[in-house]
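Coordinates from input-v2.pdb are shown below (PDB, C-alpha atoms, pLDDT in the B column).
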```pdb
MODEL        1
ATOM      1  CA  MET A  14      99.773  99.884  83.108  1.00 51.00           C
ATOM      2  CA  SER A  15     100.238  97.900  79.889  1.00 47.00           C
ATOM      3  CA  GLU A  16      98.465  99.375  76.858  1.00 53.00           C
ATOM      4  CA  GLN A  17      98.655  98.907  73.112  1.00 65.00           C
ATOM      5  CA  LYS A  18     102.297  99.271  72.128  1.00 74.00           C
ATOM      6  CA  SER A  19     102.123 102.162  69.664  1.00 83.00           C
ATOM      7  CA  LYS A  20     104.156 105.292  69.035  1.00 86.00           C
ATOM      8  CA  THR A  21     101.316 107.374  70.465  1.00 88.00           C
ATOM      9  CA  THR A  22     101.408 105.350  73.677  1.00 89.00           C
ATOM     10  CA  LEU A  23     105.203 105.671  73.767  1.00 89.00           C
ATOM     11  CA  LEU A  24     105.014 109.465  73.506  1.00 91.00           C
ATOM     12  CA  GLU A  25     102.350 109.564  76.211  1.00 92.00           C
ATOM     13  CA  TYR A  26     104.428 107.412  78.564  1.00 92.00           C
ATOM     14  CA  GLU A  27     107.572 109.463  77.944  1.00 92.00           C
ATOM     15  CA  LYS A  28     105.623 112.640  78.700  1.00 93.00           C
ATOM     16  CA  ASN A  29     104.221 111.147  81.916  1.00 93.00           C
ATOM     17  CA  LEU A  30     107.679 109.933  82.961  1.00 94.00           C
ATOM     18  CA  ASP A  31     109.091 113.427  82.468  1.00 95.00           C
ATOM     19  CA  ILE A  32     106.321 114.891  84.662  1.00 95.00           C
ATOM     20  CA  ILE A  33     106.898 112.287  87.377  1.00 95.00           C
ATOM     21  CA  GLN A  34     110.670 112.838  87.358  1.00 94.00           C
ATOM     22  CA  ASN A  35     110.134 116.595  87.712  1.00 95.00           C
ATOM     23  CA  ALA A  36     107.735 115.945  90.589  1.00 94.00           C
ATOM     24  CA  GLU A  37     110.339 113.719  92.228  1.00 94.00           C
ATOM     25  CA  GLY A  38     112.927 116.502  91.968  1.00 94.00           C
ATOM     26  CA  ILE A  39     110.543 119.048  93.525  1.00 93.00           C
ATOM     27  CA  LEU A  40     109.632 116.676  96.363  1.00 94.00           C
ATOM     28  CA  GLU A  41     113.291 115.920  97.034  1.00 95.00           C
ATOM     29  CA  GLN A  42     113.969 119.652  97.325  1.00 94.00           C
ATOM     30  CA  LYS A  43     111.017 119.959  99.710  1.00 92.00           C
ATOM     31  CA  ARG A  44     112.321 116.995 101.735  1.00 94.00           C
ATOM     32  CA  ASN A  45     115.774 118.585 102.045  1.00 94.00           C
ATOM     33  CA  ILE A  46     114.341 121.966 103.066  1.00 93.00           C
ATOM     34  CA  LEU A  47     112.145 120.336 105.716  1.00 93.00           C
ATOM     35  CA  LEU A  48     115.001 118.207 107.036  1.00 94.00           C
ATOM     36  CA  ASN A  49     117.379 121.169 107.325  1.00 94.00           C
ATOM     37  CA  ASP A  50     114.740 123.305 109.019  1.00 92.00           C
ATOM     38  CA  ILE A  51     113.867 120.550 111.498  1.00 93.00           C
ATOM     39  CA  LEU A  52     117.547 120.057 112.364  1.00 93.00           C
ATOM     40  CA  ASP A  53     117.907 123.819 112.982  1.00 93.00           C
ATOM     41  CA  ILE A  54     114.800 123.769 115.188  1.00 92.00           C
ATOM     42  CA  LEU A  55     116.083 120.786 117.179  1.00 91.00           C
ATOM     43  CA  ASP A  56     119.380 122.593 117.786  1.00 92.00           C
ATOM     44  CA  ASP A  57     117.414 125.624 118.992  1.00 92.00           C
ATOM     45  CA  VAL A  58     115.220 123.449 121.232  1.00 92.00           C
ATOM     46  CA  GLU A  59     118.249 121.727 122.740  1.00 91.00           C
ATOM     47  CA  GLU A  60     119.879 125.080 123.492  1.00 93.00           C
ATOM     48  CA  LYS A  61     116.708 126.483 125.083  1.00 93.00           C
ATOM     49  CA  ARG A  62     116.134 123.292 127.090  1.00 93.00           C
ATOM     50  CA  ASP A  63     119.634 123.620 128.544  1.00 93.00           C
ATOM     51  CA  LYS A  64     118.871 127.222 129.496  1.00 93.00           C
ATOM     52  CA  LEU A  65     115.530 126.155 130.969  1.00 93.00           C
ATOM     53  CA  ASN A  66     117.142 123.440 133.097  1.00 93.00           C
ATOM     54  CA  GLU A  67     119.685 125.905 134.455  1.00 94.00           C
ATOM     55  CA  LEU A  68     116.983 128.486 135.124  1.00 93.00           C
ATOM     56  CA  VAL A  69     114.795 125.988 136.985  1.00 92.00           C
ATOM     57  CA  LYS A  70     117.781 124.880 139.091  1.00 92.00           C
ATOM     58  CA  LYS A  71     118.545 128.502 139.873  1.00 91.00           C
ATOM     59  CA  SER A  72     114.903 129.197 140.777  1.00 87.00           C
ATOM     60  CA  TYR A  73     114.711 126.283 143.205  1.00 87.00           C
ATOM     61  CA  SER A  74     118.068 127.225 144.682  1.00 88.00           C
ATOM     62  CA  LEU A  75     116.732 130.705 145.421  1.00 83.00           C
ATOM     63  CA  LEU A  76     113.547 129.201 146.830  1.00 81.00           C
ATOM     64  CA  ILE A  77     115.581 126.957 149.153  1.00 83.00           C
ATOM     65  CA  LYS A  78     117.558 129.968 150.365  1.00 80.00           C
ATOM     66  CA  SER A  79     114.333 131.829 151.070  1.00 77.00           C
ATOM     67  CA  PHE A  80     113.082 128.800 153.066  1.00 76.00           C
ATOM     68  CA  MET A  81     116.278 128.878 155.076  1.00 75.00           C
ATOM     69  CA  GLU A  82     115.845 132.558 155.938  1.00 72.00           C
ATOM     70  CA  ASN A  83     112.089 132.610 156.519  1.00 69.00           C
ATOM     71  CA  GLU A  84     109.451 130.675 158.371  1.00 65.00           C
ATOM     72  CA  LYS A  85     107.254 128.249 156.472  1.00 65.00           C
ATOM     73  CA  ASP A  86     104.157 130.399 156.987  1.00 68.00           C
ATOM     74  CA  VAL A  87     105.928 133.390 155.466  1.00 63.00           C
ATOM     75  CA  ILE A  88     106.783 131.404 152.329  1.00 64.00           C
ATOM     76  CA  LYS A  89     103.186 130.166 152.014  1.00 66.00           C
ATOM     77  CA  LYS A  90     101.925 133.727 152.334  1.00 66.00           C
ATOM     78  CA  GLU A  91     104.315 134.944 149.645  1.00 64.00           C
ATOM     79  CA  ALA A  92     103.435 132.023 147.367  1.00 62.00           C
ATOM     80  CA  SER A  93      99.755 132.915 147.569  1.00 62.00           C
ATOM     81  CA  LEU A  94     100.556 136.399 146.256  1.00 57.00           C
ATOM     82  CA  ILE A  95     102.191 135.161 143.048  1.00 55.00           C
ATOM     83  CA  ASN A  96      99.862 135.887 140.178  1.00 59.00           C
ATOM     84  CA  PHE A  97     100.652 134.850 136.603  1.00 61.00           C
ATOM     85  CA  GLN A  98      98.355 136.185 133.958  1.00 69.00           C
ATOM     86  CA  GLY A  99      98.887 136.223 130.252  1.00 70.00           C
ATOM     87  CA  GLU A 100      97.571 136.058 126.734  1.00 74.00           C
ATOM     88  CA  LEU A 101      97.795 132.960 124.592  1.00 74.00           C
ATOM     89  CA  LYS A 102      96.575 132.563 121.013  1.00 78.00           C
ATOM     90  CA  VAL A 103      97.279 130.317 118.047  1.00 77.00           C
ATOM     91  CA  VAL A 104      97.727 131.740 114.556  1.00 80.00           C
ATOM     92  CA  LYS A 105      98.308 129.880 111.289  1.00 81.00           C
ATOM     93  CA  LYS A 106     101.479 130.565 109.356  1.00 81.00           C
ATOM     94  CA  THR A 107     102.600 129.092 106.026  1.00 82.00           C
ATOM     95  CA  PHE A 108     106.002 127.556 105.343  1.00 78.00           C
ATOM     96  CA  ILE A 109     106.646 126.201 101.795  1.00 76.00           C
ATOM     97  CA  GLY A 110     102.921 125.634 101.446  1.00 79.00           C
ATOM     98  CA  ILE A 111     102.502 123.974 104.846  1.00 80.00           C
ATOM     99  CA  GLU A 112     100.121 125.429 107.424  1.00 80.00           C
ATOM    100  CA  ILE A 113     101.911 125.568 110.771  1.00 81.00           C
ATOM    101  CA  PRO A 114     100.192 126.625 114.010  1.00 77.00           C
ATOM    102  CA  ASP A 115     102.258 129.293 115.769  1.00 78.00           C
ATOM    103  CA  VAL A 116     101.622 129.956 119.443  1.00 76.00           C
ATOM    104  CA  ILE A 117     101.852 133.589 120.465  1.00 78.00           C
ATOM    105  CA  PHE A 118     101.979 134.245 124.190  1.00 74.00           C
ATOM    106  CA  LYS A 119     102.568 137.072 126.589  1.00 74.00           C
ATOM    107  CA  VAL A 120     103.081 136.519 130.298  1.00 69.00           C
ATOM    108  CA  ASN A 121     102.044 139.365 132.578  1.00 68.00           C
ATOM    109  CA  LYS A 122     103.731 139.320 135.974  1.00 60.00           C
ATOM    110  CA  GLU A 123     102.655 141.335 138.944  1.00 58.00           C
ATOM    111  CA  LYS A 124     105.666 142.609 140.799  1.00 55.00           C
ATOM    112  CA  PHE A 125     105.390 143.240 144.499  1.00 47.00           C
ATOM    113  CA  PRO A 126     107.698 145.734 146.233  1.00 48.00           C
ATOM    114  CA  ILE A 127     110.091 143.995 148.579  1.00 47.00           C
ATOM    115  CA  SER A 128     109.246 146.310 151.430  1.00 45.00           C
ATOM    116  CA  ALA A 129     105.509 145.610 151.068  1.00 45.00           C
ATOM    117  CA  THR A 130     105.297 141.824 150.793  1.00 47.00           C
ATOM    118  CA  ALA A 131     108.677 140.066 150.863  1.00 46.00           C
ATOM    119  CA  GLU A 132     110.690 139.272 153.925  1.00 53.00           C
ATOM    120  CA  THR A 133     113.879 138.680 151.974  1.00 60.00           C
ATOM    121  CA  LEU A 134     115.412 139.489 148.671  1.00 72.00           C
ATOM    122  CA  PHE A 135     115.823 135.788 147.785  1.00 75.00           C
ATOM    123  CA  LEU A 136     112.093 135.144 147.688  1.00 74.00           C
ATOM    124  CA  ASP A 137     111.369 138.069 145.379  1.00 76.00           C
ATOM    125  CA  ILE A 138     114.204 137.047 143.056  1.00 81.00           C
ATOM    126  CA  ALA A 139     112.950 133.431 143.101  1.00 80.00           C
ATOM    127  CA  LYS A 140     109.494 134.578 141.955  1.00 79.00           C
ATOM    128  CA  GLU A 141     111.042 136.555 139.118  1.00 82.00           C
ATOM    129  CA  SER A 142     113.213 133.580 138.154  1.00 86.00           C
ATOM    130  CA  PHE A 143     110.228 131.187 138.063  1.00 84.00           C
ATOM    131  CA  ALA A 144     108.353 133.682 135.883  1.00 81.00           C
ATOM    132  CA  LYS A 145     111.216 133.680 133.385  1.00 86.00           C
ATOM    133  CA  ALA A 146     111.238 129.885 133.465  1.00 88.00           C
ATOM    134  CA  LEU A 147     107.539 129.851 132.588  1.00 84.00           C
ATOM    135  CA  GLU A 148     108.176 132.074 129.574  1.00 85.00           C
ATOM    136  CA  LEU A 149     110.944 129.754 128.425  1.00 90.00           C
ATOM    137  CA  VAL A 150     108.693 126.697 128.845  1.00 89.00           C
ATOM    138  CA  LEU A 151     106.122 128.332 126.562  1.00 85.00           C
ATOM    139  CA  GLU A 152     108.816 129.261 124.042  1.00 88.00           C
ATOM    140  CA  VAL A 153     110.149 125.683 123.923  1.00 91.00           C
ATOM    141  CA  ALA A 154     106.599 124.372 123.477  1.00 87.00           C
ATOM    142  CA  ARG A 155     105.990 126.817 120.615  1.00 86.00           C
ATOM    143  CA  ILE A 156     109.130 125.653 118.793  1.00 90.00           C
ATOM    144  CA  GLU A 157     108.394 121.977 119.408  1.00 89.00           C
ATOM    145  CA  ILE A 158     104.912 122.365 117.903  1.00 86.00           C
ATOM    146  CA  LYS A 159     106.517 123.664 114.709  1.00 87.00           C
ATOM    147  CA  ALA A 160     109.066 120.816 114.709  1.00 90.00           C
ATOM    148  CA  TRP A 161     106.283 118.252 115.168  1.00 89.00           C
ATOM    149  CA  LYS A 162     104.223 119.696 112.307  1.00 89.00           C
ATOM    150  CA  LEU A 163     107.219 119.800 109.962  1.00 91.00           C
ATOM    151  CA  SER A 164     108.164 116.238 110.953  1.00 92.00           C
ATOM    152  CA  GLU A 165     104.696 115.013 109.987  1.00 92.00           C
ATOM    153  CA  GLU A 166     105.029 116.737 106.612  1.00 92.00           C
ATOM    154  CA  LEU A 167     108.533 115.287 106.177  1.00 94.00           C
ATOM    155  CA  LYS A 168     107.201 111.749 106.702  1.00 95.00           C
ATOM    156  CA  LYS A 169     104.544 112.273 104.003  1.00 93.00           C
ATOM    157  CA  THR A 170     107.100 113.769 101.608  1.00 94.00           C
ATOM    158  CA  VAL A 171     109.542 110.877 102.094  1.00 95.00           C
ATOM    159  CA  VAL A 172     106.725 108.384 101.382  1.00 95.00           C
ATOM    160  CA  HIS A 173     105.835 110.215  98.166  1.00 95.00           C
ATOM    161  CA  VAL A 174     109.475 110.443  97.035  1.00 95.00           C
ATOM    162  CA  ASN A 175     110.022 106.732  97.671  1.00 95.00           C
ATOM    163  CA  ALA A 176     106.805 105.835  95.842  1.00 95.00           C
ATOM    164  CA  LEU A 177     107.884 107.800  92.775  1.00 95.00           C
ATOM    165  CA  LYS A 178     111.487 106.610  92.859  1.00 93.00           C
ATOM    166  CA  ASN A 179     110.888 102.939  93.656  1.00 93.00           C
ATOM    167  CA  HIS A 180     107.536 102.263  91.974  1.00 94.00           C
ATOM    168  CA  TYR A 181     106.185 104.719  89.433  1.00 94.00           C
ATOM    169  CA  ILE A 182     109.418 105.735  87.697  1.00 94.00           C
ATOM    170  CA  PRO A 183     110.756 102.138  87.320  1.00 94.00           C
ATOM    171  CA  ASN A 184     107.361 100.975  86.033  1.00 94.00           C
ATOM    172  CA  TYR A 185     107.193 103.727  83.432  1.00 93.00           C
ATOM    173  CA  GLU A 186     110.801 103.113  82.389  1.00 93.00           C
ATOM    174  CA  LYS A 187     110.045  99.391  81.972  1.00 92.00           C
ATOM    175  CA  GLU A 188     106.911 100.077  79.932  1.00 92.00           C
ATOM    176  CA  ILE A 189     108.774 102.548  77.707  1.00 92.00           C
ATOM    177  CA  LYS A 190     111.549 100.028  77.152  1.00 91.00           C
ATOM    178  CA  ASP A 191     109.026  97.273  76.336  1.00 91.00           C
ATOM    179  CA  ILE A 192     107.165  99.527  73.899  1.00 91.00           C
ATOM    180  CA  LYS A 193     110.398 100.538  72.144  1.00 90.00           C
ATOM    181  CA  THR A 194     111.446  96.897  71.893  1.00 88.00           C
ATOM    182  CA  SER A 195     108.048  95.927  70.501  1.00 87.00           C
ATOM    183  CA  LEU A 196     108.072  98.786  67.973  1.00 87.00           C
ATOM    184  CA  GLU A 197     111.592  97.853  66.850  1.00 85.00           C
ATOM    185  CA  GLU A 198     110.544  94.214  66.399  1.00 87.00           C
ATOM    186  CA  ASN A 199     107.472  95.293  64.414  1.00 82.00           C
ATOM    187  CA  GLU A 200     109.658  97.528  62.277  1.00 80.00           C
ATOM    188  CA  ARG A 201     112.120  94.692  61.597  1.00 81.00           C
ATOM    189  CA  GLU A 202     109.262  92.345  60.714  1.00 79.00           C
ATOM    190  CA  PHE A 203     107.788  94.966  58.389  1.00 75.00           C
ATOM    191  CA  LEU A 204     111.136  95.468  56.657  1.00 75.00           C
ATOM    192  CA  THR A 205     111.541  91.720  56.310  1.00 76.00           C
ATOM    193  CA  VAL A 206     108.105  91.398  54.742  1.00 72.00           C
ATOM    194  CA  LEU A 207     108.794  94.376  52.502  1.00 71.00           C
ATOM    195  CA  LYS A 208     112.047  92.808  51.269  1.00 74.00           C
ATOM    196  CA  LYS A 209     110.281  89.522  50.533  1.00 70.00           C
ATOM    197  CA  VAL A 210     107.541  91.331  48.607  1.00 66.00           C
ATOM    198  CA  SER A 211     110.140  93.336  46.663  1.00 69.00           C
ATOM    199  CA  SER A 212     112.133  90.167  45.927  1.00 65.00           C
ATOM    200  CA  HIS A 213     109.006  88.336  44.788  1.00 62.00           C
ATOM    201  CA  LYS A 214     108.080  91.176  42.446  1.00 63.00           C
ATOM    202  CA  SER A 215     111.585  91.232  40.996  1.00 63.00           C
ATOM    203  CA  GLN A 216     111.454  87.525  40.255  1.00 62.00           C
ATOM    204  CA  ASN A 217     108.103  87.868  38.483  1.00 60.00           C
ATOM    205  CA  LEU A 218     109.340  90.632  36.203  1.00 56.00           C
TER     206      LEU A 218
ENDMDL
END
```

What would the structure in this file look like if it were written as structure tokens?
Amino acid sequence: MSEQKSKTTLLEYEKNLDIIQNAEGILEQKRNILLNDILDILDDVEEKRDKLNELVKKSYSLLIKSFMENEKDVIKKEASLINFQGELKVVKKTFIGIEIPDVIFKVNKEKFPISATAETLFLDIAKESFAKALELVLEVARIEIKAWKLSEELKKTVVHVNALKNHYIPNYEKEIKDIKTSLEENEREFLTVLKKVSSHKSQNL
């Protein structure tokens, strides 16, 4: 990065340093926003995972009760009637300039009257419980996709911040210091020469 040590170069380097320092500040703000948002998402994911685990346990508990009150063939027949249909699409959303895929889903559940298809109440409730669990699985996946995308952006931002802070800014500061030192030395040498010339002229008068 070394160039001719002139006042023009000094001004150029000082201008570039100011731009880089501003960029560092903006990237640090972006890093903090991303970090806070990711932490909020992880808290949300943890809460929903806990709910999902409880819901799955409840669903299997209801299924076990239905097994206890019905024959195996009855359960198989009921299981074959369960029909999950839904809509799933991915749309792009923007967050602080970052494109994030957002999964939009809708689960359609066919409900069967107890009197028409179910031998017990437990089996019908178990089907409903598993359907809710499926919705929660999709919701957790949607949030985790966002967290993953933001985490990738956070990694890039941290790399850029570190590069500016640990490489570019110190290098520019060193160059500016060297140029100032060189200019000061040149100025002192010029003044010394000027004094000698003035003294020589005075002696010749």

Practice problem: Quick one: everything within 9 Å of segment 169-181 of chain A, counting all atoms listed in the file, minus sequence neighbours fewer than 2 positions away in the same chain. Send it as a list in words. | Solution: Leu30, Ile33, Gln34, Ala36, Glu37, Gly38, Leu40, Glu41, Lys43, Arg44, Ser164, Glu165, Glu166, Leu167, Pro183, Asn184, Tyr185 and Glu186 of chain A

Practice problem: May I have the residues within 7 Å of segment 153-158 of chain A as a PyMOL selection string, using only C-alpha atoms and disregarding those fewer than 4 positions away in the same chain? | Solution: chain A and resi 54+58+61+115-116+149+162

Write a file of the selected residues as a compact mmCIF listing (two decimals), keeping the file's coordinate frame, keeping C-alpha atoms.
```txt
# COMPACT_ATOMS: atom_id res chain seq x y z
CA ILE A 54 114.80 123.77 115.19
CA VAL A 58 115.22 123.45 121.23
CA LYS A 61 116.71 126.48 125.08
CA ASP A 115 102.26 129.29 115.77
CA VAL A 116 101.62 129.96 119.44
CA LEU A 149 110.94 129.75 128.43
CA LYS A 162 104.22 119.70 112.31
```

Exercise. Determine the residue set returned by the PyMOL selection byres ((chain A and resi 193) around 12) for the present structure, and present it as JSON, numbers by chain.
Key: {"A": [17, 18, 19, 20, 21, 22, 23, 24, 26, 27, 186, 187, 188, 189, 190, 191, 192, 194, 195, 196, 197, 198, 199, 200]}

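Interatomic distance, atom CA of Ile117 of chain A against atom CA of Glu100 of chain A: 8.0 Å.
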
Practice problem: Quick one: pull the distance between atom CA of Met81 of chain A and atom CA of Ala144 of chain A, Å, one decimal. | Solution: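 Result for atom CA of Met81 of chain A versus atom CA of Ala144 of chain A: 21.3 Å, one decimal.
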
Quiz item: What is the atom CA of Ser72 of chain A to atom CA of Asp137 of chain A distance in Å?
Solution: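 Answer for the atom CA of Ser72 of chain A to atom CA of Asp137 of chain A separation: 10.6 Å.
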
Quiz item: Of the candidates A:Val103, A:Ile138, A:Leu204, A:Leu68, which one gets nearest to Val150 of chain A if we count all atoms listed in the file?
Solution: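 Under the stated criterion, the closest residue is A:Leu68.
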
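Applied to this file, the PyMOL selection byres ((chain A and resi 75) around 9) selects the residues Lys70, Lys71, Ser72, Tyr73, Ser74, Leu76, Ile77, Lys78, Ser79, Phe80, Phe135, Leu136, Ile138, Ala139, Lys140 and Ser142 of chain A.
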
Where's the centre, and what are the edge lengths in Å to one decimal, of a box along x, y and z enclosing all listed atoms of segment 163-180 of chain A padded 8 Å per side, as JSON?
```
{"center_x": 108.0, "center_y": 111.0, "center_z": 101.5, "size_x": 22.9, "size_y": 33.5, "size_z": 35.0}
```
